[in-house]
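The data block below is protein-v7.txt; it holds compact mmCIF, C-alpha atoms.
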# COMPACT_ATOMS: atom_id res chain seq x y z
CA MET B 1 -138.70 -30.99 101.59
CA PRO B 2 -137.42 -34.55 101.20
CA GLU B 3 -134.11 -33.39 99.69
CA ARG B 4 -133.23 -31.45 102.86
CA ILE B 5 -134.12 -34.42 105.02
CA ILE B 6 -132.21 -36.82 102.75
CA GLY B 7 -129.19 -34.49 102.66
CA GLY B 8 -129.15 -34.13 106.44
CA ILE B 9 -129.35 -37.86 107.03
CA VAL B 10 -126.63 -38.65 104.47
CA GLU B 11 -124.40 -35.94 105.91
CA ASN B 12 -124.87 -37.39 109.40
CA LEU B 13 -124.15 -40.91 108.17
CA SER B 14 -121.02 -39.74 106.34
CA ARG B 15 -119.56 -38.65 109.68
CA ALA B 16 -120.36 -42.05 111.20
CA GLY B 17 -118.42 -43.93 108.52
CA SER B 18 -115.19 -41.96 108.84
CA ALA B 19 -113.24 -44.43 106.67
CA GLY B 20 -116.05 -44.70 104.12
CA PHE B 21 -119.44 -46.22 103.53
CA ALA B 22 -121.76 -47.69 100.94
CA ILE B 23 -125.53 -47.31 101.16
CA GLY B 24 -127.76 -49.30 98.83
CA LEU B 25 -131.38 -48.13 99.00
CA HIS B 26 -134.42 -50.09 97.84
CA LEU B 27 -132.80 -53.14 96.32
CA THR B 28 -134.38 -55.04 93.47
CA PHE B 29 -132.59 -58.37 93.58
CA THR B 30 -129.10 -56.98 94.35
CA SER B 31 -129.34 -53.68 92.45
CA PRO B 32 -130.20 -50.61 94.53
CA ARG B 33 -132.35 -47.74 93.27
CA TYR B 34 -129.80 -45.39 94.84
CA MET B 35 -126.23 -46.15 95.84
CA PHE B 36 -124.31 -43.62 97.94
CA GLN B 37 -120.64 -44.49 98.31
CA SER B 38 -117.60 -42.86 99.87
CA TYR B 39 -115.13 -45.73 100.15
CA PRO B 40 -111.66 -45.01 98.77
CA ALA B 41 -111.53 -45.51 95.00
CA THR B 42 -108.68 -48.01 95.38
CA TRP B 43 -110.90 -50.19 97.57
CA SER B 44 -113.97 -49.83 95.35
CA ASP B 45 -111.90 -50.79 92.30
CA LEU B 46 -110.41 -53.83 94.04
CA TYR B 47 -113.85 -54.88 95.35
CA ALA B 48 -115.28 -54.77 91.81
CA ARG B 49 -112.22 -56.35 90.16
CA ASN B 50 -112.23 -59.29 92.61
CA GLY B 51 -116.00 -59.75 92.38
CA TYR B 52 -116.40 -59.46 96.15
CA LEU B 53 -120.10 -58.61 95.90
CA VAL B 54 -120.91 -62.25 95.20
CA ASN B 55 -119.16 -63.49 98.36
CA ASP B 56 -119.41 -60.41 100.60
CA PRO B 57 -120.62 -61.66 104.01
CA THR B 58 -122.06 -58.22 104.82
CA VAL B 59 -124.25 -58.30 101.71
CA HIS B 60 -125.38 -61.88 102.39
CA TRP B 61 -126.20 -60.97 105.99
CA GLY B 62 -128.07 -57.84 104.85
CA LEU B 63 -130.18 -59.78 102.37
CA GLU B 64 -131.23 -62.27 105.05
CA ASN B 65 -131.58 -60.08 108.16
CA HIS B 66 -132.94 -56.87 109.58
CA GLY B 67 -130.90 -54.91 112.12
CA TRP B 68 -127.18 -54.27 112.43
CA VAL B 69 -124.08 -56.39 112.81
CA ARG B 70 -120.37 -55.70 113.22
CA TRP B 71 -118.12 -56.98 110.47
CA ALA B 72 -116.04 -58.79 113.11
CA ASP B 73 -119.09 -60.95 113.85
CA LEU B 74 -119.18 -62.03 110.20
CA ALA B 75 -115.46 -62.83 109.86
CA GLU B 76 -116.00 -66.60 109.95
CA TYR B 77 -118.09 -66.29 106.75
CA ASP B 78 -115.38 -64.40 104.85
CA GLN B 79 -114.03 -67.20 102.65
CA SER B 80 -112.48 -64.79 100.11
CA GLY B 81 -110.32 -62.76 102.52
CA MET B 82 -112.28 -59.61 101.75
CA PHE B 83 -112.11 -58.22 105.31
CA ALA B 84 -108.30 -58.48 105.38
CA GLU B 85 -108.12 -56.74 102.00
CA ALA B 86 -110.50 -54.03 103.25
CA ALA B 87 -108.35 -53.48 106.35
CA GLY B 88 -105.37 -52.93 104.06
CA HIS B 89 -107.30 -49.98 102.62
CA GLY B 90 -108.09 -48.47 106.02
CA LEU B 91 -111.48 -50.17 106.44
CA CYS B 92 -110.47 -51.93 109.63
CA TYR B 93 -113.74 -51.91 111.57
CA GLY B 94 -117.23 -51.94 110.20
CA VAL B 95 -120.91 -52.24 110.81
CA THR B 96 -123.67 -53.27 108.42
CA SER B 97 -127.25 -52.07 108.70
CA ALA B 98 -130.10 -53.88 106.97
CA ILE B 99 -133.61 -52.49 106.70
CA PHE B 100 -136.67 -54.32 105.43
CA ALA B 101 -139.76 -52.14 105.65
CA ARG B 102 -142.79 -51.41 103.49
CA GLY B 103 -141.87 -54.15 101.04
CA SER B 104 -138.40 -52.76 100.31
CA ARG B 105 -134.87 -53.64 101.45
CA SER B 106 -131.87 -51.35 102.00
CA ILE B 107 -128.37 -52.38 103.08
CA ALA B 108 -125.44 -50.21 104.15
CA GLY B 109 -121.91 -50.73 105.38
CA PHE B 110 -119.91 -48.17 107.38
CA SER B 111 -116.25 -48.37 108.28
CA ARG B 112 -113.65 -46.73 110.45
CA ALA B 113 -109.89 -47.17 110.72
CA ASP B 114 -109.36 -46.41 114.41
CA ARG B 115 -111.70 -48.55 116.52
CA GLU B 116 -114.78 -50.73 116.61
CA PHE B 117 -118.21 -49.09 116.53
CA THR B 118 -119.93 -48.94 119.92
CA ASP B 119 -123.38 -50.45 120.30
CA GLY B 120 -124.79 -46.92 120.57
CA GLU B 121 -123.07 -45.80 117.37
CA ALA B 122 -124.25 -48.89 115.48
CA ALA B 123 -127.81 -48.43 116.74
CA ASP B 124 -127.75 -44.76 115.73
CA ILE B 125 -126.53 -45.67 112.23
CA HIS B 126 -129.32 -48.23 111.96
CA ASP B 127 -131.92 -45.68 113.10
CA ARG B 128 -130.66 -43.13 110.54
CA MET B 129 -130.73 -45.82 107.85
CA GLY B 130 -134.36 -46.51 108.73
CA GLU B 131 -135.15 -42.81 108.30
CA LEU B 132 -133.28 -42.67 104.98
CA HIS B 133 -135.05 -45.81 103.78
CA ASP B 134 -138.45 -44.35 104.64
CA VAL B 135 -137.89 -40.88 103.20
CA THR B 136 -136.56 -42.24 99.87
CA LEU B 137 -139.16 -44.97 99.43
CA HIS B 138 -141.26 -42.97 96.95
CA VAL B 139 -138.53 -40.63 95.67
CA HIS B 140 -137.55 -41.60 92.14
CA SER B 141 -135.43 -38.59 91.24
CA LEU B 142 -133.07 -36.68 93.51
CA PRO B 143 -132.96 -32.89 93.04
CA PRO B 144 -129.81 -31.12 91.75
CA ALA B 145 -129.20 -29.45 95.14
CA LEU B 146 -128.76 -32.89 96.71
CA HIS B 147 -126.35 -33.91 93.94
CA ASP B 148 -124.29 -30.81 94.77
CA LEU B 149 -124.22 -31.68 98.49
CA LEU B 150 -123.11 -35.24 97.72
CA ARG B 151 -120.30 -33.93 95.50
CA ARG B 152 -119.14 -31.58 98.27
CA LEU B 153 -119.08 -34.53 100.68
CA SER B 154 -117.12 -36.65 98.13
CA ILE B 155 -119.99 -39.13 97.93
CA ILE B 156 -120.54 -40.94 94.66
CA LEU B 157 -124.21 -41.41 93.71
CA THR B 158 -125.41 -44.14 91.40
CA HIS B 159 -129.07 -44.18 90.41
CA HIS B 160 -130.84 -47.12 88.73

Structure translated into C-alpha cells:
Amino acid sequence: MPERIIGGIVENLSRAGSAGFAIGLHLTFTSPRYMFQSYPATWSDLYARNGYLVNDPTVHWGLENHGWVRWADLAEYDQSGMFAEAAGHGLCYGVTSAIFARGSRSIAGFSRADREFTDGEAADIHDRMGELHDVTLHVHSLPPALHDLLRRLSIILTHH
C-alpha cells in the first residue's frame, strides 16, 4: 500500500522539521508534481510576495546537486536576505535535501528554531527523502486517506 508508506514517511519527516518544511517531489522545471508544506503561513506568504523562489539558494543548490546541505553553508549565496527573514519567522536552522534518481528530481527544505541539524539527522532526512521520492515516482493520484492524514498533520498539499 503506497499510501501507508507515503503517510509514514511524511509523518516521520514532519517531526524532523519541527519549525516547518517544504517537500517538492518530481520537479518538471521548477514545478513539483506534489508539494507538501508545513511552514507557517506568514512565512509562506512573505516568501511568495517577495519572489524568493527565484533567488532561494536552497532551491538553486537543490537543482544543481544531490545530497544534503545545511542552510548555514549556503548563507554566502543569499543575496536577498531570505535566511534572515526566515529566521524572523522561527526558521532559524535548516537543511536541504536534493534527490536525483530514475530521471526525476525532488528537493526539500526542513527547519528548526532551536538548534542546527546534526549530521545524523540530516542524513536521516535525506534517506527518508530518497524513500519518498522512490515510492511516489509512479503515483499520480494520492488517495483520500492520505489527504486526511496530511490535514491532521497541518500539512498543505499541492498537486500539479

Query - Selected residue, from B:Ser18, B:Thr58, B:Ser31, B:Ser38, that lies nearest to B:Leu157 when counting all atoms listed in the file - result: B:Ser38

Report task. Scan for residues within 12 Å of the point (-135.0, -40.7, 105.5) in the coordinates of the file, using all atoms listed in the file, and reply as a ChimeraX atom specification. Result -> /B:1-13,25,99,106,125-139

Query - Residue contacts of B:Gly17 (9 Å, all atoms listed in the file) excluding same-chain residues fewer than 5 positions away, as a PyMOL selection string - result: chain B and resi 38+94-95+109-112

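The gap separating atom CA of B:Ser97 from atom CA of B:Asp124 is 10.2 Å, in Å to one decimal.
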
Would you pick out the contacts of B:Glu76 at 12 Å or less, using all atoms listed in the file, so that residues sharing its chain but fewer than 6 positions from it are not included, and give the list as a compact mmCIF listing (two decimals) with C-alpha atoms, in the coordinates of the input?
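Contents of the output file out06.txt:
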# COMPACT_ATOMS: atom_id res chain seq x y z
CA ASP B 56 -119.41 -60.41 100.60
CA PRO B 57 -120.62 -61.66 104.01
CA THR B 58 -122.06 -58.22 104.82
CA MET B 82 -112.28 -59.61 101.75
CA PHE B 83 -112.11 -58.22 105.31
